[in-house]
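Reading through the structure tokens given below for one structure.
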Amino acid sequence: DYTIGVSNTVQGNGWREEMICAMRAQALVEPDVTGLIVAHRNTDSAGQLEDLNNLIEAGVDAIVLNPSNPDALNSALEAAMAAGIVVVAVDAGVTAEGAYILSNNQEEYAYLGARWLFEQIGGAGDVVYMRGIAGVSADTDRHNGFRRALAEFPNVNVVHEVFTGWQQDQGKQQMFDFLATGIPFDGVWTSGIDNVIVDAFVESGAPLVPIVGADNAGFVGQLQSVEGLAGAAVTNPGSVGGAGIALAVDILNGNAPASNVVLVDPVLWDNTTEDGRATIAAAQNPDLDPEWPVSTQIPGWTDYTLEQIIACEGPA
Amino acid sequence: MTALIRKHAWVIGLAVLLALLLALTKLIQPNFGAPGLESLARSALPFAFATAAMAVVVIVGGIDLSVASMMAVCAVTAAVLMERMAGVPALMIVLAVGLAMGLVNGALIVLTRVPDIVVTLAMLFVWEGMALLILSSPGGSVAPWLSGATRGPFLIDGLPMALVIMALAIAIVWLPIRRSKLGLAIYATGSDPLAAFRSGVAVDRTKIIAYGICGLFCAMGGLSLAALTGIGEPVPGPYLMASVAAVVLGGVVLGGGKGGLLGSIIAVFILRIIRTILTLMAIDPNVTTIVEGVIMVGVVMLGTALTLRGARR
Amino acid sequence: MTDTPLLDARGVAKSYGAVKALTGARLTVARGEIVALMGANGAGKSTFVKILTGAVRPDTGIITIAGRSARMGSPAQARRAGLVPVYQEPSLIPDLDVAANLRLCDTPVAAFVGWVADLGITGLRLTDLIADLPLATLRILDLARALASDPDVLLLDEMTAALPTDLVENVLRVVRARADLGMGVIYVSHRFTEISALCDRATVLRDGRTVGDLRIEPGVEDRAVELMLGEKIALGAREGAAISARTGTPRLAIRNLAAAPKLADVSFDLHAGEVLGVVALEGQGQDELFDVLAGFRKSTAGTLEIDGQPARFAHPSEAIAAGLTYVPGNRADALMAGRSVRENIALPFSARPRNWGPIKRKMERARTDDAIARLQIDTRAQGEVQRLSGGNQQKVTIGRWLATGVQTLLLFDPTRGIDVRTKRQIYPLVRELAEQGAAVLFYTSELAEVRLACDRAIVIFNGRVVDIIDAARADEPTLMRAAYGLTAAKGAA
Amino acid sequence: MSPTDTDTTPPLARLGRILRDNPIIPLIAFLLLLVVALEFMRPGIVMPIRAGREGLISSFWLGNLIKFAIPLAMLAACQVLTMLTAGIDLSVGVVATVAAFVCATLSSTLGVPQAVMIALATGFVVGLVNGFGVGIVRVHPLIMTLGTGLIATGCLQVYQRFTINTGTLIPPFLEWLGTGRTWGMPNGLFLFVPFAIFIIWLMRSTGFGRLLFALGSNEKAAKLSGVKSWQVLMALYALSGLIAALAGLLYLGMIRTPSLNLANPLLLPSVAAAVIGGTSIFGGRGSFAGAIIGALILRVIDTMLTLLQMPEGARTAMFGLIILAVTALYVRITGTK
Ligand SMILES: Nc1ncnc2c1ncn2[C@@H]1O[C@H](COP(=O)(O)OP(=O)(O)OP(=O)(O)O)[C@@H](O)[C@H]1O
Ligand SMILES: Nc1ncnc2c1ncn2[C@@H]1O[C@H](COP(=O)(O)OP(=O)(O)OP(=O)(O)O)[C@@H](O)[C@H]1O
Ligand SMILES: [Mg+2]
Ligand SMILES: [Mg+2]
């Protein structure tokens, strides 16, 4: 019988909410897990250290965390492992020796989408680059991937670079401002604030340009329904949290994987190819909260049903 | 004696509440002991400095919305400097940077005659931007002795090093000031600036100095952040609202002139241990937010009701 | 001694925007001299005092101290130069205790304690919080603090205005004694009795300009008033007010009223058409009495009947609904400093939720203009009440209730800090209100006012009514004796 | 001492006085200055323009400016009103978010009118709680509204778990208000203009408005005049909650995505807009017209900084510096605080 602790530092965004629900649902279906303690709030690395220490105090058997930073949490993680607690980082990596990492590959995420966009505009042109929150690890990783793609396309030029703060209203305002300046551009790369960008084009009546977003329900719906939109969604499943729980249970049961690091590589769904359109059509889930990624499961890792993740109930 | 108790009733009440909460923690988690206290003290460290910083400016009749941003600046400054130079001089520089930022805040308030809350709201963005300019993404590193300094017990088991550092750092800065005429001037300015001016207090200078002290405490807060995480993060943490809450909970009156640092620091521990308790009880984290809000509002309501009752009598 | 005066200020001018507070003020004080600074409300006295003590920067002006020119950059600097003020408003820090306030100005504690005792305040502890002390005590502490720093020139701006008679006497005695030892004093007051008892000389300001210097001698009052006002005004006695018949149900019937801490047992009747004076030394329970009647404080015992109906107030709004309106002693409590005269007067109109809707402008204008006219409020600076001089501010607090209509008016020292002319306007106004059917309860710290405005007066001592005196008999010695509790206690009416 | 010697004052001083008495004028001047600067920076932006590789778009920058300033100005109204009584309402961002989220999720199940009513009611209830704490228990408004904001956030977090799979629906009339345009101007003005007139009328011409100023100027004086401050404060904070909820609904129509922190980032700007517009946080002085200009100024600054190519840190810092400069200049010109 295991009690698992969860630590997460961003609250109130659809992706993170899905991650938490995936964790709860997976913990529910794992027969060996009897308790789940979730520390889930908006805070910084120091706050996450506090939560981790509290989880250690609570005597959990494993900790699954979405780290705010790869380097900042080592003291608590090392203390946890010294106490025999299994540590699994999801979504992003940690540098603590002995911790398991089950991560979405953020660098690859950005690279994949950017490369598609640059190819889409014919390898040359001007793009708008809409990032996340300045100074946050995930944003930095994605920036590296974006730059890698940019380096491969010397004729692509970034005309506007801006931080949306991963905030819908901000992204929309910024796009309106860009449209209003009249400086032409040929494509938009977003760090997941995507459907409002499409809306901004539609509402202002500006001709659509190719747009890259994430696999959020809202954007995936738009890829199918918005006339004249050429776009691509790069998967970035929040359900990686559920996979993290599964991995932790495996390790606790003595089935540790050979490597400490498991990268979940993103996939790109575009609506410009037949295959892509089929995937997108299959992924539609109009009832889902528009901010939730549609990839609610990770085959091979998670065992819960769609109903279970939506119910968002963990073990008592 | 009774007068003394009445004067410090609020602080005593807070201390009793803290003791009760500690007992409750022990009840919920019988294993809670020295390591638990240590991690409690460590997690309270940045909050305590932020709260001390906020308390000083609230006492002088102002408020500083830029504390979290200044802490971020100091944290990244420390992380960047300590990669390149010895720890001690870097530490001195960080303290000086904090002091300077505080003095700038104070000077701007005095010179522009714009209300404190507005100036520091603007400076919140300025310092936040500054932190990003110094370090555009989390990084740098901190002298190992600094990280080590906050860990483990001091002399005896169960007396966390972090607590000792916090108490010493705050006491070294604040006690001499509190005892001096500067301390009086700070309270006088907060209580009634016109009367203070007429009593010969250099009101403007006092205000600037108080903001300087605030900056100094923010530097300590930033250093403690860097020490805890081992790196510097340019994004301000949740210290602004938390410090305002702790200051008010601690009996410092918004508007100035009343209260002290001790109550505020105890309030920090109360707020921290409530989070620990809620985690130990495996309360749904969303409910945790509600509980924290209710406790904050409830305790302040209770306190206000009690003091009003007292005043009526 | 030399001929150079201790303090010499000339050509002092100060403008606040379009308002010229001072245009050409001049003043000298010699060693051991007590100079009265006189002038109607708004003449510029306070501004002058503030300039001399570094609290306000003058536009122009030359100040010399003992022959050497001095620059008053701040109150601290003035203090070092030997000029120590007691401003009209208390300048002590409310949230600090007495001892801390002394330390703030480096005041020698022993000397301070001595002066406090000498000025007749007993039971003061250095650990008392300023915010907990009554106004009169604060004024005395301010003075004691000033005296303890052993100033060359002491500047007192209407410091006796809020003091009861006994404390005023102490102040006059102490100031005289210090002056005899060589201290120069500038004494701002609207009270002729004090000025003629204390001062050697008077400098008169009118419209920001020094218009004359007078030696204090018998009969100087008329001359001073003429200089102050630029016109002749009679200092005559009260114009024949008939003492109304006190029959029928009283408007206010108070029986054995008590309120902690000071009000022990007070009974009296107040009839419509009557002005009933209240005379008491500091802290005899008069504050509590007015607070209870105004709904600010609950009584602990006794009954209150209004027109024969028992009443008890939990909030001032209930008192107002019962027709009891209150003008507090401290005008800072009554005024919205940053708002206009009109809004200040009209405030009670919208107090009740049923009046939260649209303002009836016409009605409001008519009523406020009427009140302004009746009180002759100087409305040149009417945009913000805080720009009015103290006296005009005081008038606004009364005007508020004139505008709403008066049934029972509770006046707590309404002429505090008001110049002669205005006082002469207030007494008839009070009488007129009474004759129109209002009942007025009138506490005054200036005993002479009882004869000028009241029909009779109750004297409160130790929280009890010790005497009831008809206006005809209410000369100052009689009132004073009664106020000190020197007459046998009588029952209430 | 002549009271009205206006004729002798030099013209410059007279201009100073006019500006002092009409503080809105320098604000408007500053706004225009910013717009001109923006036009210089990006020629053509203020005028109708083209976007993308080909063709004109119908979007006017001015329309967008106004569109995004409207919700900000509405939340600033909450700050202006509460600041008049020396209070503040830090729960408005959360309340707006909650209202938007509740409305979007309930519209698909309960129907639009019910959803809108419930959304407004949540704002009203939070406001009542604020009013209870501030007016009756006398908790400092900063703490009270911060606390209720926290509580409301928690409640929203709990609530959203039950609505993950209900789908969302943005009521069509909110979309029309939020995204539609009439003659190039946003339809939001159909809501905002009456709203602004109402608020200005409330502040200037009603007894309630008077009492707001009175409580902020001198609460004791108000009490002395028979005002029961708890009644006023209850009504005030309830009104503030209602306004915030209304702003949230409008914002929902504009952004069309009910996110869990949709309007939270508007909180600090709403305070800034009120203060730039000349409202004193110490109570007793304030103007909603000023706050509207303040909101427009903030939005123009936002646009300028978005379009400037500079590091994010410098951008953030610039934003702060400009806010400070505007308010300092304003204080200097009007001589107020
Ligand atoms: N800050 C200011 N702004 C505008 N007007 C002012 C200011 N200060 C003073 N005044 C004006 O200056 C004039 C003189 O004021 P001052 O306070 O010196 O009068 P005063 O003689 O003390 O009056 P009072 O006897 O009523 O106290 C008044 O008419 C007042 O309106
Ligand atoms: N900060 C200020 N703002 C505006 N006016 C001021 C200010 N300070 C002082 N004044 C002006 O200075 C004068 C001082 O008023 P104050 O009440 O001190 O006078 P006073 O001599 O005590 O008068 P009174 O005899 O009526 O009590 C007033 O006329 C007022 O208009
Ligand atoms: Mg005066
Ligand atoms: Mg006066």
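Labels used: A, B, ... for chains in the order of the structure tokens, numbers from 1 for residues in each chain, and numbers from 1 for ligands as shown.
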
- [ ] Residues within 7 Å of ligand 1, counting only C-alpha atoms and all ligand atoms: report them as a list in words.
- [x] Tyr16, Gly17, Val19, Lys20, Ala21, Leu22, Gly39, Ala40, Asn41, Gly42, Ala43, Gly44, Lys45, Ser46, Thr47, Phe48, Gly208, Ala381, Arg387, Leu388, Ser389, Gly390, Gly391, Asn392, Gly417, Ile418 and Asp419 of chain C

Task: Contact set, chain A to chain B: 10 Å, only C-alpha atoms, as a count of residues only - done: 48

Contacts of range 157-245 of chain B with range 53-72 of chain B up to 6 Å, shortest pair per row, only C-alpha atoms, as JSON lines:
{"residue": "B:Ile186", "atom": "CA", "partner": "B:Val60", "partner_atom": "CA", "distance": 5.1}
{"residue": "B:Tyr187", "atom": "CA", "partner": "B:Val60", "partner_atom": "CA", "distance": 5.8}
{"residue": "B:Thr189", "atom": "CA", "partner": "B:Val60", "partner_atom": "CA", "distance": 5.7}
{"residue": "B:Gly190", "atom": "CA", "partner": "B:Val60", "partner_atom": "CA", "distance": 3.9}
{"residue": "B:Ala210", "atom": "CA", "partner": "B:Val57", "partner_atom": "CA", "distance": 5.9}
{"residue": "B:Cys214", "atom": "CA", "partner": "B:Ala53", "partner_atom": "CA", "distance": 4.1}
{"residue": "B:Phe217", "atom": "CA", "partner": "B:Ala53", "partner_atom": "CA", "distance": 5.1}
{"residue": "B:Cys218", "atom": "CA", "partner": "B:Met71", "partner_atom": "CA", "distance": 5.1}
{"residue": "B:Ala219", "atom": "CA", "partner": "B:Met71", "partner_atom": "CA", "distance": 5.9}
{"residue": "B:Gly221", "atom": "CA", "partner": "B:Met71", "partner_atom": "CA", "distance": 5.8}
{"residue": "B:Gly222", "atom": "CA", "partner": "B:Met71", "partner_atom": "CA", "distance": 4.1}
{"residue": "B:Pro234", "atom": "CA", "partner": "B:Ala72", "partner_atom": "CA", "distance": 5.5}
{"residue": "B:Pro236", "atom": "CA", "partner": "B:Ser69", "partner_atom": "CA", "distance": 5.2}
{"residue": "B:Tyr239", "atom": "CA", "partner": "B:Ala68", "partner_atom": "CA", "distance": 5.3}
{"residue": "B:Leu240", "atom": "CA", "partner": "B:Ala68", "partner_atom": "CA", "distance": 5.4}

Only all heavy atoms, please: the residues just picked out, written as a CSV table (one decimal), in the first residue's frame.
chain,number,residue,atom,x,y,z
B,186,ILE,N,10.7,56.7,13.1
B,186,ILE,CA,9.9,55.8,12.1
B,186,ILE,C,8.5,55.7,12.6
B,186,ILE,O,7.5,55.9,11.9
B,186,ILE,CB,10.6,54.5,12.0
B,186,ILE,CG1,11.9,54.6,11.1
B,186,ILE,CG2,9.7,53.5,11.3
B,186,ILE,CD1,12.7,53.4,11.0
B,187,TYR,N,8.3,55.4,13.9
B,187,TYR,CA,7.0,55.2,14.5
B,187,TYR,C,6.2,56.5,14.4
B,187,TYR,O,5.0,56.6,14.1
B,187,TYR,CB,7.1,54.7,15.9
B,187,TYR,CG,7.2,53.2,15.9
B,187,TYR,CD1,8.4,52.5,15.9
B,187,TYR,CD2,6.0,52.4,16.1
B,187,TYR,CE1,8.5,51.1,15.9
B,187,TYR,CE2,6.1,51.0,16.1
B,187,TYR,CZ,7.4,50.4,16.0
B,187,TYR,OH,7.4,49.0,16.0
B,189,THR,N,6.6,59.1,12.4
B,189,THR,CA,6.2,59.4,11.0
B,189,THR,C,5.0,58.6,10.6
B,189,THR,O,4.1,59.2,10.0
B,189,THR,CB,7.4,59.2,10.1
B,189,THR,OG1,8.5,59.9,10.5
B,189,THR,CG2,7.1,59.6,8.7
B,190,GLY,N,5.0,57.4,11.0
B,190,GLY,CA,3.9,56.5,10.6
B,190,GLY,C,2.6,56.9,11.3
B,190,GLY,O,1.5,56.9,10.8
B,210,ALA,N,13.6,54.2,6.1
B,210,ALA,CA,12.7,53.1,6.4
B,210,ALA,C,12.6,52.2,5.1
B,210,ALA,O,12.7,51.0,5.2
B,210,ALA,CB,11.4,53.5,6.8
B,214,CYS,N,13.9,48.4,4.4
B,214,CYS,CA,13.0,47.4,3.7
B,214,CYS,C,13.8,46.7,2.6
B,214,CYS,O,13.8,45.5,2.5
B,214,CYS,CB,11.8,48.1,3.2
B,214,CYS,SG,10.9,47.2,2.0
B,217,PHE,N,16.2,44.2,4.1
B,217,PHE,CA,15.6,42.9,4.4
B,217,PHE,C,15.2,42.1,3.1
B,217,PHE,O,15.3,40.9,3.1
B,217,PHE,CB,14.3,43.2,5.2
B,217,PHE,CG,14.6,43.4,6.7
B,217,PHE,CD1,14.0,44.5,7.4
B,217,PHE,CD2,15.4,42.6,7.4
B,217,PHE,CE1,14.2,44.7,8.7
B,217,PHE,CE2,15.7,42.8,8.8
B,217,PHE,CZ,15.1,43.9,9.4
B,218,CYS,N,14.9,42.8,2.1
B,218,CYS,CA,14.6,42.2,0.8
B,218,CYS,C,15.8,41.5,0.3
B,218,CYS,O,15.8,40.4,-0.2
B,218,CYS,CB,14.0,43.1,-0.2
B,218,CYS,SG,12.4,43.6,0.1
B,219,ALA,N,17.0,42.1,0.5
B,219,ALA,CA,18.2,41.5,0.1
B,219,ALA,C,18.4,40.2,0.8
B,219,ALA,O,18.8,39.2,0.3
B,219,ALA,CB,19.4,42.5,0.3
B,221,GLY,N,16.1,38.4,2.1
B,221,GLY,CA,15.1,37.5,1.6
B,221,GLY,C,15.6,36.9,0.2
B,221,GLY,O,15.5,35.7,0.0
B,222,GLY,N,16.2,37.7,-0.6
B,222,GLY,CA,16.7,37.2,-1.9
B,222,GLY,C,17.9,36.3,-1.7
B,222,GLY,O,17.9,35.2,-2.3
B,234,PRO,N,14.7,34.7,-11.8
B,234,PRO,CA,14.3,36.1,-12.1
B,234,PRO,C,12.8,36.4,-11.9
B,234,PRO,O,12.4,37.5,-12.0
B,234,PRO,CB,14.8,36.3,-13.5
B,234,PRO,CG,14.7,35.0,-14.1
B,234,PRO,CD,15.0,34.0,-13.1
B,236,PRO,N,9.5,36.9,-9.7
B,236,PRO,CA,9.2,37.1,-8.3
B,236,PRO,C,8.3,36.0,-7.8
B,236,PRO,O,7.4,35.6,-8.5
B,236,PRO,CB,8.5,38.5,-8.3
B,236,PRO,CG,8.8,39.1,-9.6
B,236,PRO,CD,9.1,38.0,-10.6
B,239,TYR,N,5.6,36.5,-2.6
B,239,TYR,CA,5.9,37.0,-1.3
B,239,TYR,C,5.2,38.3,-1.0
B,239,TYR,O,5.1,38.7,0.2
B,239,TYR,CB,7.4,37.2,-1.2
B,239,TYR,CG,8.1,35.9,-1.4
B,239,TYR,CD1,8.8,35.6,-2.6
B,239,TYR,CD2,8.1,34.9,-0.4
B,239,TYR,CE1,9.4,34.4,-2.8
B,239,TYR,CE2,8.6,33.7,-0.6
B,239,TYR,CZ,9.3,33.4,-1.8
B,239,TYR,OH,9.8,32.2,-2.0
B,240,LEU,N,4.7,39.0,-2.0
B,240,LEU,CA,4.1,40.3,-1.8
B,240,LEU,C,2.8,40.1,-0.9
B,240,LEU,O,2.7,40.7,0.2
B,240,LEU,CB,3.7,41.0,-3.1
B,240,LEU,CG,2.8,42.2,-3.0
B,240,LEU,CD1,3.5,43.2,-2.1
B,240,LEU,CD2,2.5,42.7,-4.4

- [ ] Taking the chain letters and numbering used in this document, name the residues of range 84-225 of chain C that DSSP puts in helix (DSSP H, G or I), as an MDAnalysis selection string.
- [x] chainID C and resid 98:104 109:118 130:132 135:148 165:180 192:198 220:225

Open item on the list: As an exercise, work out the distance from CA of Leu321 in chain D to CA of Phe125 in chain B in Å and give it to one decimal place.
Closed with: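 Calculated distance between CA of Leu321 in chain D and CA of Phe125 in chain B is 8.0 Å.
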
Open item on the list: If you run DSSP on the backbone here, which positions in range 112-293 of chain B get strand (DSSP E or B)? Please write them as a ChimeraX atom specification.
Closed with: /B:139,153-154,156-160,232

Counting only C-alpha atoms, collect the residues of chain B whose closest atom lies at most 7 Å from chain D, and write them out as an mmCIF file with C-alpha atoms, in the first residue's frame.
data_model
loop_
_atom_site.group_PDB
_atom_site.id
_atom_site.type_symbol
_atom_site.label_atom_id
_atom_site.label_comp_id
_atom_site.auth_asym_id
_atom_site.auth_seq_id
_atom_site.Cartn_x
_atom_site.Cartn_y
_atom_site.Cartn_z
ATOM 1 C CA THR B 112 7.627 62.786 -6.541
ATOM 2 C CA ARG B 113 5.025 63.116 -3.753
ATOM 3 C CA VAL B 114 3.208 60.224 -5.400
ATOM 4 C CA PRO B 115 1.615 57.914 -2.802
ATOM 5 C CA VAL B 119 5.351 54.363 -6.596
ATOM 6 C CA ALA B 122 5.442 51.014 -10.578
ATOM 7 C CA MET B 123 8.727 49.895 -9.067
ATOM 8 C CA PHE B 125 7.594 46.277 -12.627
ATOM 9 C CA VAL B 126 10.899 48.088 -12.743
ATOM 10 C CA TRP B 127 12.670 45.719 -10.360
ATOM 11 C CA GLU B 128 11.035 42.711 -11.969
ATOM 12 C CA GLY B 129 12.370 43.854 -15.320
ATOM 13 C CA MET B 130 15.743 44.461 -13.732
ATOM 14 C CA LEU B 132 15.123 39.598 -15.961
ATOM 15 C CA LEU B 133 17.833 41.795 -17.403
ATOM 16 C CA ALA B 245 -1.117 39.251 5.134
ATOM 17 C CA ASN B 286 -8.005 23.548 -3.922
ATOM 18 C CA VAL B 287 -9.733 23.415 -0.598
ATOM 19 C CA THR B 289 -6.588 27.742 -0.843
ATOM 20 C CA ILE B 290 -10.052 28.281 0.583
ATOM 21 C CA GLY B 293 -8.178 32.514 2.816
ATOM 22 C CA VAL B 294 -10.750 31.785 5.489
ATOM 23 C CA MET B 296 -6.519 34.820 7.105
ATOM 24 C CA VAL B 297 -9.804 36.678 7.001
ATOM 25 C CA VAL B 300 -8.008 39.278 11.282
ATOM 26 C CA MET B 301 -11.766 39.622 11.752
ATOM 27 C CA THR B 304 -10.364 43.453 14.800
ATOM 28 C CA ALA B 305 -13.533 42.554 16.655
#

Residues of chain A were defined as contacting chain D if any atom lay at most 6 Å from it, counting only C-alpha atoms; please report them as a PDB file with N, CA, C and O atoms, in the first residue's frame.
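Done, and the output landed in part_12.pdb:
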ATOM      1  N   GLY A  12      -4.385  26.756 -12.095  1.00  0.00           N
ATOM      2  CA  GLY A  12      -5.328  27.555 -12.860  1.00  0.00           C
ATOM      3  C   GLY A  12      -5.040  27.597 -14.335  1.00  0.00           C
ATOM      4  O   GLY A  12      -5.577  28.437 -15.021  1.00  0.00           O
ATOM      5  N   ASP A 169      -5.775  36.463 -22.429  1.00  0.00           N
ATOM      6  CA  ASP A 169      -6.161  37.829 -22.790  1.00  0.00           C
ATOM      7  C   ASP A 169      -4.962  38.610 -23.298  1.00  0.00           C
ATOM      8  O   ASP A 169      -5.049  39.368 -24.256  1.00  0.00           O
ATOM      9  N   LEU A 179      -1.412  42.995 -35.546  1.00  0.00           N
ATOM     10  CA  LEU A 179      -2.214  43.158 -36.753  1.00  0.00           C
ATOM     11  C   LEU A 179      -2.371  44.641 -37.071  1.00  0.00           C
ATOM     12  O   LEU A 179      -2.350  45.056 -38.230  1.00  0.00           O
ATOM     13  N   ALA A 180      -2.530  45.441 -36.008  1.00  0.00           N
ATOM     14  CA  ALA A 180      -2.795  46.859 -36.231  1.00  0.00           C
ATOM     15  C   ALA A 180      -1.575  47.606 -36.751  1.00  0.00           C
ATOM     16  O   ALA A 180      -1.719  48.611 -37.436  1.00  0.00           O
ATOM     17  N   THR A 181      -0.386  47.135 -36.434  1.00  0.00           N
ATOM     18  CA  THR A 181       0.786  47.885 -36.890  1.00  0.00           C
ATOM     19  C   THR A 181       0.930  47.840 -38.397  1.00  0.00           C
ATOM     20  O   THR A 181       1.596  48.693 -38.969  1.00  0.00           O
ATOM     21  N   GLY A 182       0.360  46.809 -39.000  1.00  0.00           N
ATOM     22  CA  GLY A 182       0.455  46.740 -40.448  1.00  0.00           C
ATOM     23  C   GLY A 182       1.760  46.153 -40.940  1.00  0.00           C
ATOM     24  O   GLY A 182       1.973  46.020 -42.142  1.00  0.00           O
ATOM     25  N   PRO A 184       3.710  43.363 -42.109  1.00  0.00           N
ATOM     26  CA  PRO A 184       3.224  42.051 -42.568  1.00  0.00           C
ATOM     27  C   PRO A 184       4.031  40.909 -41.971  1.00  0.00           C
ATOM     28  O   PRO A 184       5.219  41.060 -41.669  1.00  0.00           O
ATOM     29  N   PHE A 185       3.348  39.801 -41.751  1.00  0.00           N
ATOM     30  CA  PHE A 185       4.066  38.599 -41.326  1.00  0.00           C
ATOM     31  C   PHE A 185       3.383  37.391 -41.952  1.00  0.00           C
ATOM     32  O   PHE A 185       2.239  37.472 -42.410  1.00  0.00           O
ATOM     33  N   SER A 204     -10.657  40.304 -36.471  1.00  0.00           N
ATOM     34  CA  SER A 204     -10.213  41.534 -37.121  1.00  0.00           C
ATOM     35  C   SER A 204     -10.363  41.457 -38.639  1.00  0.00           C
ATOM     36  O   SER A 204     -10.162  42.439 -39.326  1.00  0.00           O
ATOM     37  N   GLY A 205     -10.702  40.274 -39.131  1.00  0.00           N
ATOM     38  CA  GLY A 205     -10.885  40.138 -40.562  1.00  0.00           C
ATOM     39  C   GLY A 205      -9.579  40.063 -41.331  1.00  0.00           C
ATOM     40  O   GLY A 205      -9.562  40.173 -42.544  1.00  0.00           O
ATOM     41  N   ALA A 206      -8.479  39.902 -40.612  1.00  0.00           N
ATOM     42  CA  ALA A 206      -7.191  39.816 -41.295  1.00  0.00           C
ATOM     43  C   ALA A 206      -7.070  38.452 -41.957  1.00  0.00           C
ATOM     44  O   ALA A 206      -7.598  37.469 -41.458  1.00  0.00           O
ATOM     45  N   ASP A 287     -16.594  18.717 -26.012  1.00  0.00           N
ATOM     46  CA  ASP A 287     -17.085  18.991 -24.665  1.00  0.00           C
ATOM     47  C   ASP A 287     -15.971  19.337 -23.689  1.00  0.00           C
ATOM     48  O   ASP A 287     -16.218  19.887 -22.625  1.00  0.00           O
ATOM     49  N   LEU A 288     -14.767  18.979 -24.071  1.00  0.00           N
ATOM     50  CA  LEU A 288     -13.657  19.164 -23.141  1.00  0.00           C
ATOM     51  C   LEU A 288     -13.368  20.654 -22.953  1.00  0.00           C
ATOM     52  O   LEU A 288     -13.521  21.454 -23.871  1.00  0.00           O
ATOM     53  N   ASP A 289     -12.975  20.998 -21.754  1.00  0.00           N
ATOM     54  CA  ASP A 289     -12.537  22.360 -21.485  1.00  0.00           C
ATOM     55  C   ASP A 289     -11.531  22.780 -22.555  1.00  0.00           C
ATOM     56  O   ASP A 289     -10.584  22.051 -22.832  1.00  0.00           O
TER      57      ASP A 289
END

Quick one: contact table of chain D to chain C, 7 Å max, nearest atom pair and distance in Å to one decimal per residue, counting only C-alpha atoms, chain and number order, as a tab-separated table?
residue	atom	partner	partner_atom	distance
D:Met1	CA	C:Asp207	CA	5.3
D:Pro3	CA	C:Val19	CA	6.3
D:Ser205	CA	C:Ile359	CA	5.6
D:Thr206	CA	C:Pro358	CA	4.1
D:Gly207	CA	C:Trp356	CA	4.1
D:Phe208	CA	C:Trp356	CA	4.4
D:Ala214	CA	C:Met336	CA	6.5
D:Ser217	CA	C:Met336	CA	5.0
D:Asn218	CA	C:Met336	CA	5.2
D:Lys220	CA	C:Asp333	CA	5.8
D:Ala221	CA	C:Ala334	CA	4.2
D:Lys223	CA	C:Pro316	CA	6.6
D:Leu224	CA	C:Pro316	CA	6.0
D:Ser225	CA	C:Pro348	CA	4.9
D:Gly226	CA	C:Ser317	CA	3.7
D:Val227	CA	C:Ala351	CA	4.5

Open item on the list: Show me, as a list in words, the residues of chain B whose atoms get within 9 Å of chain C, using only C-alpha atoms for the distance check.
Closed with: Lys181, Leu184, Ala185, Tyr187, Ala188, Thr189, Gly190, Ser191, Asp192, Pro193, Leu194, Ala195, Ala196, Phe197, Arg198, Ser199, Gly200, Val201, Ala202, Gly257, Lys258 and Arg312 of chain B

Task: Within 9 Å of range 223-233 of chain A using only C-alpha atoms, minus same-chain residues under 2 positions, as number ranges by chain - done: A: 113, 116-117, 120, 198, 202, 207-216, 218-221, 235, 267-272, 276-277, 280-281, 284

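If you look at CA of Phe176 in chain A and CA of Gly192 in chain A, they are 17.2 Å away from each other.
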
- [ ] Compare A:Asn66, A:Gln26, A:Gln174, A:Thr279 by their minimum atom-to-atom distance to Asn8 in chain A, counting only C-alpha atoms, and give me the closest one.
- [x] A:Asn66

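The coordinates place CA of Leu90 in chain D at 10.5 Å from CA of Met241 in chain B.
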